[in-house]
Structures are given as structure tokens and as C-alpha cells.
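Peer 1: Contents of data_21.tsv (TSV, N, CA and C atoms) are below:
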```tsv
chain	number	residue	atom	x	y	z
K	175	MET	N	-33.78	151.25	-170.94
K	175	MET	CA	-34.48	150.01	-171.21
K	175	MET	C	-33.46	148.89	-171.41
K	176	THR	N	-33.69	147.75	-170.80
K	176	THR	CA	-32.76	146.63	-170.94
K	176	THR	C	-33.11	145.83	-172.18
K	177	ARG	N	-32.09	145.37	-172.84
K	177	ARG	CA	-32.28	144.55	-174.03
K	177	ARG	C	-32.45	143.11	-173.62
K	178	ARG	N	-33.34	142.45	-174.26
K	178	ARG	CA	-33.55	141.03	-174.01
K	178	ARG	C	-32.49	140.23	-174.74
K	179	ARG	N	-31.91	139.28	-174.05
K	179	ARG	CA	-30.90	138.43	-174.68
K	179	ARG	C	-31.55	137.52	-175.69
K	180	SER	N	-30.87	137.27	-176.76
K	180	SER	CA	-31.40	136.42	-177.82
K	180	SER	C	-31.38	134.96	-177.36
K	181	SER	N	-32.46	134.26	-177.65
K	181	SER	CA	-32.52	132.84	-177.30
K	181	SER	C	-32.12	131.96	-178.48
K	182	ALA	N	-31.64	132.58	-179.57
K	182	ALA	CA	-31.25	131.81	-180.76
K	182	ALA	C	-30.09	130.87	-180.45
K	183	ARG	N	-29.25	131.22	-179.49
K	183	ARG	CA	-28.11	130.34	-179.19
K	183	ARG	C	-28.56	129.04	-178.52
K	184	PHE	N	-29.81	128.99	-178.05
K	184	PHE	CA	-30.33	127.76	-177.44
K	184	PHE	C	-31.03	126.86	-178.45
K	185	PHE	N	-31.17	127.30	-179.69
K	185	PHE	CA	-31.85	126.49	-180.70
K	185	PHE	C	-30.84	125.53	-181.31
K	186	ASP	N	-30.92	124.27	-180.90
K	186	ASP	CA	-29.99	123.23	-181.35
K	186	ASP	C	-30.75	121.90	-181.39
K	187	PRO	N	-31.68	121.71	-182.33
K	187	PRO	CA	-32.50	120.49	-182.34
K	187	PRO	C	-31.72	119.21	-182.62
K	188	THR	N	-30.51	119.31	-183.15
K	188	THR	CA	-29.73	118.10	-183.41
K	188	THR	C	-28.86	117.71	-182.21
K	189	GLY	N	-28.61	118.66	-181.31
K	189	GLY	CA	-27.77	118.38	-180.16
K	189	GLY	C	-26.29	118.51	-180.44
K	190	ALA	N	-25.91	119.12	-181.55
K	190	ALA	CA	-24.50	119.24	-181.92
K	190	ALA	C	-23.73	120.13	-180.95
K	191	ARG	N	-24.33	121.22	-180.50
K	191	ARG	CA	-23.64	122.15	-179.60
K	191	ARG	C	-23.76	121.80	-178.13
K	192	HIS	N	-24.94	121.36	-177.72
K	192	HIS	CA	-25.22	121.16	-176.30
K	192	HIS	C	-25.21	119.69	-175.86
K	193	GLY	N	-25.03	118.77	-176.78
K	193	GLY	CA	-25.01	117.36	-176.41
K	193	GLY	C	-26.37	116.72	-176.39
K	194	LEU	N	-27.40	117.49	-176.18
K	194	LEU	CA	-28.79	117.03	-176.21
K	194	LEU	C	-29.55	117.95	-177.17
K	195	PRO	N	-30.59	117.45	-177.83
K	195	PRO	CA	-31.42	118.36	-178.60
K	195	PRO	C	-31.93	119.47	-177.67
K	196	THR	N	-31.77	120.72	-178.08
K	196	THR	CA	-32.05	121.86	-177.21
K	196	THR	C	-32.92	122.87	-177.94
K	197	TRP	N	-33.87	123.43	-177.18
K	197	TRP	CA	-34.74	124.46	-177.71
K	197	TRP	C	-34.81	125.62	-176.72
K	198	PRO	N	-35.11	126.83	-177.23
K	198	PRO	CA	-35.39	127.94	-176.33
K	198	PRO	C	-36.75	127.76	-175.66
K	199	TRP	N	-37.03	128.58	-174.68
K	199	TRP	CA	-38.28	128.55	-173.93
K	199	TRP	C	-39.48	128.58	-174.88
K	200	ARG	N	-40.42	127.65	-174.70
K	200	ARG	CA	-41.67	127.53	-175.45
K	200	ARG	C	-41.49	127.22	-176.93
K	201	MET	N	-40.37	126.64	-177.31
K	201	MET	CA	-40.17	126.29	-178.72
K	201	MET	C	-39.94	124.80	-178.93
K	202	ALA	N	-40.08	123.98	-177.90
K	202	ALA	CA	-39.89	122.54	-178.03
K	202	ALA	C	-41.06	121.93	-178.80
K	203	PRO	N	-40.84	120.79	-179.45
K	203	PRO	CA	-41.93	120.11	-180.16
K	203	PRO	C	-43.07	119.73	-179.20
K	204	GLU	N	-44.26	119.61	-179.75
K	204	GLU	CA	-45.47	119.34	-178.95
K	204	GLU	C	-45.41	118.01	-178.19
K	205	TYR	N	-44.70	117.03	-178.70
K	205	TYR	CA	-44.69	115.71	-178.08
K	205	TYR	C	-43.70	115.59	-176.92
K	206	LEU	N	-42.94	116.64	-176.62
K	206	LEU	CA	-41.99	116.61	-175.51
K	206	LEU	C	-42.56	117.34	-174.31
K	207	ARG	N	-42.39	116.75	-173.12
K	207	ARG	CA	-42.92	117.32	-171.89
K	207	ARG	C	-41.87	117.24	-170.78
K	208	THR	N	-41.96	118.16	-169.82
K	208	THR	CA	-41.13	118.08	-168.62
K	208	THR	C	-41.76	117.07	-167.66
K	209	ARG	N	-41.03	116.71	-166.61
K	209	ARG	CA	-41.58	115.79	-165.61
K	209	ARG	C	-42.85	116.35	-165.00
K	210	ARG	N	-42.84	117.64	-164.71
K	210	ARG	CA	-44.00	118.27	-164.09
K	210	ARG	C	-45.20	118.24	-165.03
K	211	GLN	N	-44.99	118.46	-166.31
K	211	GLN	CA	-46.09	118.40	-167.27
K	211	GLN	C	-46.61	116.98	-167.40
K	212	LEU	N	-45.72	116.00	-167.39
K	212	LEU	CA	-46.15	114.60	-167.43
K	212	LEU	C	-46.99	114.26	-166.20
K	213	ALA	N	-46.54	114.70	-165.03
K	213	ALA	CA	-47.27	114.42	-163.79
K	213	ALA	C	-48.65	115.05	-163.82
K	214	ALA	N	-48.77	116.24	-164.38
K	214	ALA	CA	-50.08	116.90	-164.47
K	214	ALA	C	-51.04	116.11	-165.36
K	215	GLU	N	-50.49	115.34	-166.29
K	215	GLU	CA	-51.30	114.51	-167.17
K	215	GLU	C	-51.48	113.10	-166.64
K	216	GLY	N	-50.97	112.83	-165.43
K	216	GLY	CA	-51.08	111.50	-164.85
K	216	GLY	C	-50.09	110.50	-165.41
K	217	LEU	N	-48.95	111.00	-165.91
K	217	LEU	CA	-47.95	110.14	-166.52
K	217	LEU	C	-46.61	110.28	-165.80
K	218	ARG	N	-45.69	109.37	-166.12
K	218	ARG	CA	-44.32	109.41	-165.61
K	218	ARG	C	-43.39	109.01	-166.76
K	219	PRO	N	-42.10	109.40	-166.69
K	219	PRO	CA	-41.20	109.06	-167.80
K	219	PRO	C	-41.08	107.56	-168.05
K	220	GLY	N	-41.13	106.74	-167.03
K	220	GLY	CA	-41.12	105.30	-167.23
K	220	GLY	C	-39.79	104.73	-167.67
K	221	GLY	N	-38.68	105.32	-167.22
K	221	GLY	CA	-37.37	104.78	-167.52
K	221	GLY	C	-36.78	105.20	-168.85
K	222	GLN	N	-37.46	106.02	-169.60
K	222	GLN	CA	-36.92	106.46	-170.89
K	222	GLN	C	-35.79	107.47	-170.68
K	223	GLU	N	-34.93	107.56	-171.66
K	223	GLU	CA	-33.83	108.53	-171.63
K	223	GLU	C	-34.37	109.94	-171.86
K	224	ILE	N	-33.61	110.93	-171.45
K	224	ILE	CA	-33.97	112.32	-171.69
K	224	ILE	C	-33.97	112.55	-173.20
K	225	ALA	N	-35.05	113.10	-173.73
K	225	ALA	CA	-35.18	113.30	-175.17
K	225	ALA	C	-34.67	114.67	-175.61
K	226	GLY	N	-34.53	115.61	-174.70
K	226	GLY	CA	-34.07	116.94	-175.05
K	226	GLY	C	-34.09	117.84	-173.84
K	227	GLN	N	-33.86	119.13	-174.08
K	227	GLN	CA	-33.87	120.09	-172.99
K	227	GLN	C	-34.32	121.45	-173.50
K	228	VAL	N	-34.84	122.24	-172.57
K	228	VAL	CA	-35.17	123.63	-172.84
K	228	VAL	C	-34.21	124.45	-172.01
K	229	LEU	N	-33.56	125.44	-172.62
K	229	LEU	CA	-32.66	126.34	-171.90
K	229	LEU	C	-33.21	127.76	-171.96
K	230	TRP	N	-33.02	128.51	-170.88
K	230	TRP	CA	-33.43	129.91	-170.85
K	230	TRP	C	-32.58	130.69	-169.87
K	231	HIS	N	-32.51	131.99	-170.10
K	231	HIS	CA	-31.77	132.89	-169.22
K	231	HIS	C	-32.61	133.15	-167.97
K	232	SER	N	-31.95	133.15	-166.81
K	232	SER	CA	-32.65	133.40	-165.56
K	232	SER	C	-31.72	134.05	-164.56
K	233	ARG	N	-32.26	134.97	-163.78
K	233	ARG	CA	-31.49	135.56	-162.70
K	233	ARG	C	-31.86	134.94	-161.36
K	234	ARG	N	-32.75	134.00	-161.37
K	234	ARG	CA	-33.20	133.35	-160.15
K	234	ARG	C	-32.31	132.15	-159.80
K	235	TYR	N	-32.27	131.84	-158.54
K	235	TYR	CA	-31.63	130.63	-158.01
K	235	TYR	C	-30.13	130.54	-158.30
K	236	ASN	N	-29.50	131.65	-158.62
K	236	ASN	CA	-28.06	131.66	-158.90
K	236	ASN	C	-27.67	130.59	-159.91
K	237	ALA	N	-28.41	130.52	-160.99
K	237	ALA	CA	-28.14	129.53	-162.03
K	237	ALA	C	-26.74	129.75	-162.60
K	238	PRO	N	-25.97	128.68	-162.82
K	238	PRO	CA	-24.62	128.83	-163.37
K	238	PRO	C	-24.66	129.49	-164.74
K	239	GLY	N	-23.95	130.59	-164.89
K	239	GLY	CA	-23.93	131.31	-166.15
K	239	GLY	C	-25.24	132.01	-166.46
K	240	GLY	N	-26.17	132.03	-165.50
K	240	GLY	CA	-27.46	132.66	-165.72
K	240	GLY	C	-28.40	131.86	-166.60
K	241	VAL	N	-28.10	130.59	-166.81
K	241	VAL	CA	-28.90	129.75	-167.71
K	241	VAL	C	-29.50	128.60	-166.90
K	242	ARG	N	-30.80	128.39	-167.08
K	242	ARG	CA	-31.47	127.26	-166.43
K	242	ARG	C	-31.91	126.26	-167.49
K	243	ALA	N	-32.13	125.03	-167.04
K	243	ALA	CA	-32.50	123.95	-167.97
K	243	ALA	C	-33.69	123.16	-167.43
K	244	ALA	N	-34.49	122.67	-168.34
K	244	ALA	CA	-35.57	121.74	-168.01
K	244	ALA	C	-35.45	120.57	-168.99
K	245	TYR	N	-35.36	119.37	-168.46
K	245	TYR	CA	-35.22	118.19	-169.31
K	245	TYR	C	-36.58	117.74	-169.82
K	246	LEU	N	-36.58	117.23	-171.03
K	246	LEU	CA	-37.81	116.86	-171.71
K	246	LEU	C	-37.86	115.36	-171.99
K	247	TYR	N	-39.08	114.82	-171.93
K	247	TYR	CA	-39.32	113.40	-172.18
K	247	TYR	C	-40.42	113.26	-173.22
K	248	ASP	N	-40.35	112.18	-173.98
K	248	ASP	CA	-41.33	111.92	-175.05
K	248	ASP	C	-42.63	111.42	-174.42
K	249	VAL	N	-43.71	112.14	-174.63
K	249	VAL	CA	-45.00	111.78	-174.04
K	249	VAL	C	-45.52	110.46	-174.64
K	250	ARG	N	-45.08	110.12	-175.85
K	250	ARG	CA	-45.55	108.89	-176.49
K	250	ARG	C	-44.96	107.65	-175.83
K	251	LEU	N	-43.84	107.81	-175.12
K	251	LEU	CA	-43.21	106.68	-174.43
K	251	LEU	C	-43.50	106.67	-172.93
K	252	ALA	N	-44.23	107.67	-172.46
K	252	ALA	CA	-44.52	107.79	-171.02
K	252	ALA	C	-45.51	106.72	-170.59
K	253	LEU	N	-45.42	106.37	-169.31
K	253	LEU	CA	-46.30	105.36	-168.73
K	253	LEU	C	-47.23	106.01	-167.71
K	254	PRO	N	-48.35	105.36	-167.39
K	254	PRO	CA	-49.24	105.92	-166.36
K	254	PRO	C	-48.54	105.93	-164.99
K	255	LYS	N	-48.93	106.88	-164.15
K	255	LYS	CA	-48.39	106.93	-162.80
K	255	LYS	C	-48.78	105.67	-162.05
K	256	ARG	N	-47.92	105.26	-161.15
K	256	ARG	CA	-48.24	104.09	-160.33
K	256	ARG	C	-49.24	104.48	-159.26
K	257	VAL	N	-50.12	103.56	-158.92
K	257	VAL	CA	-51.11	103.81	-157.87
K	257	VAL	C	-50.64	103.08	-156.62
K	258	PRO	N	-50.46	103.79	-155.48
K	258	PRO	CA	-50.00	103.12	-154.27
K	258	PRO	C	-51.09	102.19	-153.70
K	259	SER	N	-50.64	101.12	-153.07
K	259	SER	CA	-51.58	100.19	-152.44
K	259	SER	C	-52.13	100.82	-151.16
K	260	GLU	N	-53.16	100.22	-150.60
K	260	GLU	CA	-53.74	100.73	-149.35
K	260	GLU	C	-52.73	100.68	-148.20
K	261	ARG	N	-51.91	99.63	-148.17
K	261	ARG	CA	-50.90	99.54	-147.10
K	261	ARG	C	-49.85	100.63	-147.25
K	262	GLN	N	-49.48	100.96	-148.50
K	262	GLN	CA	-48.52	102.04	-148.72
K	262	GLN	C	-49.12	103.39	-148.31
K	263	ARG	N	-50.39	103.61	-148.63
K	263	ARG	CA	-51.05	104.85	-148.21
K	263	ARG	C	-51.14	104.94	-146.70
K	264	ALA	N	-51.44	103.83	-146.03
K	264	ALA	CA	-51.52	103.84	-144.57
K	264	ALA	C	-50.16	104.15	-143.95
K	265	ALA	N	-49.10	103.55	-144.51
K	265	ALA	CA	-47.75	103.80	-143.99
K	265	ALA	C	-47.36	105.26	-144.19
K	266	LEU	N	-47.72	105.83	-145.33
K	266	LEU	CA	-47.43	107.24	-145.59
K	266	LEU	C	-48.20	108.14	-144.63
K	267	GLY	N	-49.44	107.80	-144.38
K	267	GLY	CA	-50.24	108.57	-143.42
K	267	GLY	C	-49.63	108.57	-142.03
K	268	LYS	N	-49.14	107.41	-141.59
K	268	LYS	CA	-48.49	107.31	-140.28
K	268	LYS	C	-47.21	108.13	-140.24
K	269	ALA	N	-46.43	108.08	-141.32
K	269	ALA	CA	-45.17	108.83	-141.36
K	269	ALA	C	-45.43	110.33	-141.33
K	270	LEU	N	-46.44	110.79	-142.05
K	270	LEU	CA	-46.76	112.21	-142.05
K	270	LEU	C	-47.33	112.65	-140.70
K	271	ALA	N	-48.10	111.80	-140.05
K	271	ALA	CA	-48.63	112.12	-138.73
K	271	ALA	C	-47.50	112.22	-137.70
K	272	ALA	N	-46.49	111.39	-137.83
K	272	ALA	CA	-45.36	111.43	-136.89
K	272	ALA	C	-44.60	112.75	-137.01
K	273	ARG	N	-44.60	113.34	-138.18
K	273	ARG	CA	-43.91	114.63	-138.37
K	273	ARG	C	-44.69	115.78	-137.73
K	274	ARG	N	-45.98	115.57	-137.43
K	274	ARG	CA	-46.80	116.60	-136.80
K	274	ARG	C	-46.91	116.43	-135.29
K	275	PHE	N	-46.38	115.35	-134.73
K	275	PHE	CA	-46.52	115.03	-133.31
K	275	PHE	C	-45.41	115.69	-132.50
K	276	CYS	N	-45.79	116.53	-131.53
K	276	CYS	CA	-44.81	117.22	-130.69
K	276	CYS	C	-44.43	116.31	-129.52
K	277	PRO	N	-43.15	116.01	-129.33
K	277	PRO	CA	-42.74	115.14	-128.23
K	277	PRO	C	-42.86	115.82	-126.86
K	278	THR	N	-42.90	117.14	-126.81
K	278	THR	CA	-42.95	117.86	-125.54
K	278	THR	C	-44.37	117.89	-124.98
K	279	CYS	N	-45.32	118.40	-125.78
K	279	CYS	CA	-46.71	118.48	-125.29
K	279	CYS	C	-47.52	117.25	-125.68
K	280	ARG	N	-46.94	116.36	-126.46
K	280	ARG	CA	-47.52	115.08	-126.84
K	280	ARG	C	-48.88	115.21	-127.53
K	281	CYS	N	-48.94	116.12	-128.53
K	281	CYS	CA	-50.17	116.25	-129.30
K	281	CYS	C	-49.86	116.51	-130.76
K	282	ASP	N	-50.87	116.25	-131.60
K	282	ASP	CA	-50.76	116.52	-133.04
K	282	ASP	C	-51.05	118.00	-133.23
K	283	VAL	N	-50.06	118.77	-133.66
K	283	VAL	CA	-50.22	120.22	-133.74
K	283	VAL	C	-50.80	120.68	-135.07
K	284	GLY	N	-50.98	119.79	-136.04
K	284	GLY	CA	-51.63	120.15	-137.29
K	284	GLY	C	-50.71	120.69	-138.37
K	285	TYR	N	-49.42	120.77	-138.10
K	285	TYR	CA	-48.44	121.21	-139.09
K	285	TYR	C	-47.15	120.43	-138.85
K	286	VAL	N	-46.30	120.40	-139.85
K	286	VAL	CA	-45.03	119.69	-139.72
K	286	VAL	C	-44.11	120.49	-138.80
K	287	LEU	N	-43.56	119.82	-137.80
K	287	LEU	CA	-42.69	120.49	-136.84
K	287	LEU	C	-41.40	120.97	-137.50
K	288	PRO	N	-40.94	122.16	-137.15
K	288	PRO	CA	-39.65	122.62	-137.67
K	288	PRO	C	-38.53	121.72	-137.16
K	289	ARG	N	-37.69	121.24	-138.05
K	289	ARG	CA	-36.63	120.31	-137.65
K	289	ARG	C	-35.63	120.96	-136.73
K	290	HIS	N	-35.37	122.25	-136.91
K	290	HIS	CA	-34.36	122.90	-136.09
K	290	HIS	C	-34.84	123.12	-134.65
K	291	LEU	N	-36.16	123.07	-134.43
K	291	LEU	CA	-36.69	123.20	-133.08
K	291	LEU	C	-36.94	121.85	-132.43
K	292	GLY	N	-37.44	120.90	-133.20
K	292	GLY	CA	-37.71	119.57	-132.68
K	292	GLY	C	-38.97	119.50	-131.84
K	293	GLU	N	-39.74	120.59	-131.80
K	293	GLU	CA	-40.99	120.63	-131.07
K	293	GLU	C	-41.89	121.69	-131.70
K	294	CYS	N	-43.13	121.78	-131.23
K	294	CYS	CA	-44.06	122.74	-131.82
K	294	CYS	C	-43.66	124.17	-131.46
K	295	LEU	N	-44.25	125.12	-132.14
K	295	LEU	CA	-43.89	126.52	-131.93
K	295	LEU	C	-44.28	127.01	-130.54
K	296	ASP	N	-45.41	126.51	-130.01
K	296	ASP	CA	-45.81	126.90	-128.65
K	296	ASP	C	-44.80	126.42	-127.62
K	297	CYS	N	-44.39	125.17	-127.71
K	297	CYS	CA	-43.41	124.63	-126.75
K	297	CYS	C	-42.06	125.31	-126.92
K	298	ALA	N	-41.66	125.59	-128.15
K	298	ALA	CA	-40.38	126.25	-128.39
K	298	ALA	C	-40.43	127.68	-127.87
K	299	GLY	N	-41.59	128.34	-127.98
K	299	GLY	CA	-41.73	129.70	-127.47
K	299	GLY	C	-41.66	129.74	-125.95
K	300	GLU	N	-42.23	128.74	-125.28
K	300	GLU	CA	-42.18	128.70	-123.81
K	300	GLU	C	-40.75	128.49	-123.32
K	301	THR	N	-40.02	127.59	-123.97
K	301	THR	CA	-38.64	127.36	-123.52
K	301	THR	C	-37.76	128.54	-123.86
K	302	GLY	N	-38.09	129.24	-124.95
K	302	GLY	CA	-37.30	130.43	-125.33
K	302	GLY	C	-37.49	131.57	-124.36
K	303	THR	N	-38.73	131.76	-123.85
K	303	THR	CA	-38.98	132.85	-122.90
K	303	THR	C	-38.40	132.53	-121.54
K	304	GLU	N	-38.43	131.23	-121.17
K	304	GLU	CA	-37.84	130.85	-119.88
K	304	GLU	C	-36.34	131.06	-119.88
K	305	ALA	N	-35.70	130.76	-121.01
K	305	ALA	CA	-34.25	130.90	-121.08
K	305	ALA	C	-33.85	132.38	-121.01
K	306	ALA	N	-34.71	133.26	-121.58
K	306	ALA	CA	-34.40	134.68	-121.57
K	306	ALA	C	-34.63	135.31	-120.19
K	307	ALA	N	-35.52	134.73	-119.37
K	307	ALA	CA	-35.85	135.31	-118.06
K	307	ALA	C	-34.84	135.01	-116.99
```
Could the structure of this file be written out as C-alpha cells, please?

Peer 2:
Amino acid sequence: MTRRRSSARFFDPTGARHGLPTWPWRMAPEYLRTRRQLAAEGLRPGGQEIAGQVLWHSRRYNAPGGVRAAYLYDVRLALPKRVPSERQRAALGKALAARRFCPTCRCDVGYVLPRHLGECLDCAGETGTEAAA
């Protein structure tokens, strides 16, 4: 059985050891949120400084020293998300549609084209079989 590493070394609410107030996983104060948690609530940091961090041990993503971090922001200082204008939404729609347009068969294939192919999978498959024959 493997022993779980102690998370006590990540408990530093004053920031004396880590430079920022630091808590172990799920031990941060209730008023602090990550960017993702703020976004889920319809908020954004709004230019505020990082209020703290959560550190935890992880074997994923080749984290340096096996430790990952999530930065925290004060929800009381967060601002509402910005709402894009109709012109911005239209421009975004055109940009996303251009990523689905195959230059070879000249149609919208319904998915974002792989950048390494530069064309849809059907067109790339046809040129791949011709090259092999």
C-alpha cells in the first residue's frame, strides 16, 4: 500500500514560505476561487492581484517536483463577465466557420480542420492513398 504524502507542508496562510498565501487541496477560505470557478459563476478576476494559491501533489502533466498549483482570486472583488457585442459575435462566428472550411473540396465539413493536414480528413485520405499507389 502506498502512503499518501502529507499536505501539511502546503499550509502557509501568511505566505512566509511560498511567497503567496498557500493552502492544501480543498482547504482554502470560502471567499477564494480559481479562474474556472469564477467563470462558472459568471465572474472574472477583473484585474485584481492573485490572492493565494492551492498546491497539491500530482503525477500528471509532468509537474515540476510533482507539485501543481492553482491561483486563487477574491470573489468579493470579482467583476461580472463581459458580454460581447453582436458585431463581435458575428466576427467570431465567421472565424470559427473559416476553420471548418476545406480549401480542397470547398465545403464546410462540420469540424475544425487538423492544422497538420490543412484539409478535411476525406481529402487528406484521398491524397494519402494516391501517394501510396

Peer 1: Would you please work out which residue, of K:Ala237, K:Leu194, K:Met201, K:Leu253, is nearest to Arg218 of chain K when using all atoms listed in the file?

Peer 2: K:Leu253

Peer 1: I'd like the neighbourhood of segment 285-289 of chain K as a list in words, where a residue qualifies if any of its atoms comes within 7 Å (using all atoms listed in the file), though same-chain residues fewer than 6 positions away should be ignored.

Peer 2: Arg273, Arg274, Phe275 and Leu295 of chain K

Peer 1: Tell me, as an MDAnalysis selection string, which residues lie within 10 Å of Ser181 of chain K, counting only C-alpha atoms; anything in the same chain fewer than 6 positions away does not count.

Peer 2: chainID K and resid 197:199 229:231

Peer 1: Run DSSP on the backbone of this structure and report the residues of segment 175-297 of chain K it assigns to helix (DSSP H, G or I), as a ChimeraX atom specification.

Peer 2: /K:182-184,209-214,234-236,238-240,249-251,260-274,295-297

Peer 1: Can you list, as a list of chain:residue names, every protein, DNA or RNA residue that comes within 6.5 Å of Thr196 of chain K when you count only N, CA and C atoms, leaving out same-chain residues fewer than 6 positions away?

Peer 2: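 Once the adjacent positions are removed, what remains is K:Phe184, K:Phe185, K:Asp186, K:Pro187, K:Thr188, K:Gly189, K:Gly226, K:Gln227, K:Val228, K:Leu229.
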
Peer 1: What parts of segment 185-252 of chain K does DSSP call strand (DSSP E or B)? I'd like the answer as a PyMOL selection string.

Peer 2: chain K and resi 186+196-198+206-207+217-218+226-231+241-248

Peer 1: Need to verify the contact set: segment 239-251 of chain K, 8 Å, only N, CA and C atoms, exclusion of same-chain residues closer than 3 positions in sequence. Can you return it as number ranges by chain?

Peer 2: K: 204-209, 212, 218-234, 236, 254

Peer 1: Atom N of Gly267 of chain K to atom N of Glu300 of chain K: how many Å, to one decimal?

Peer 2: 29.2 Å
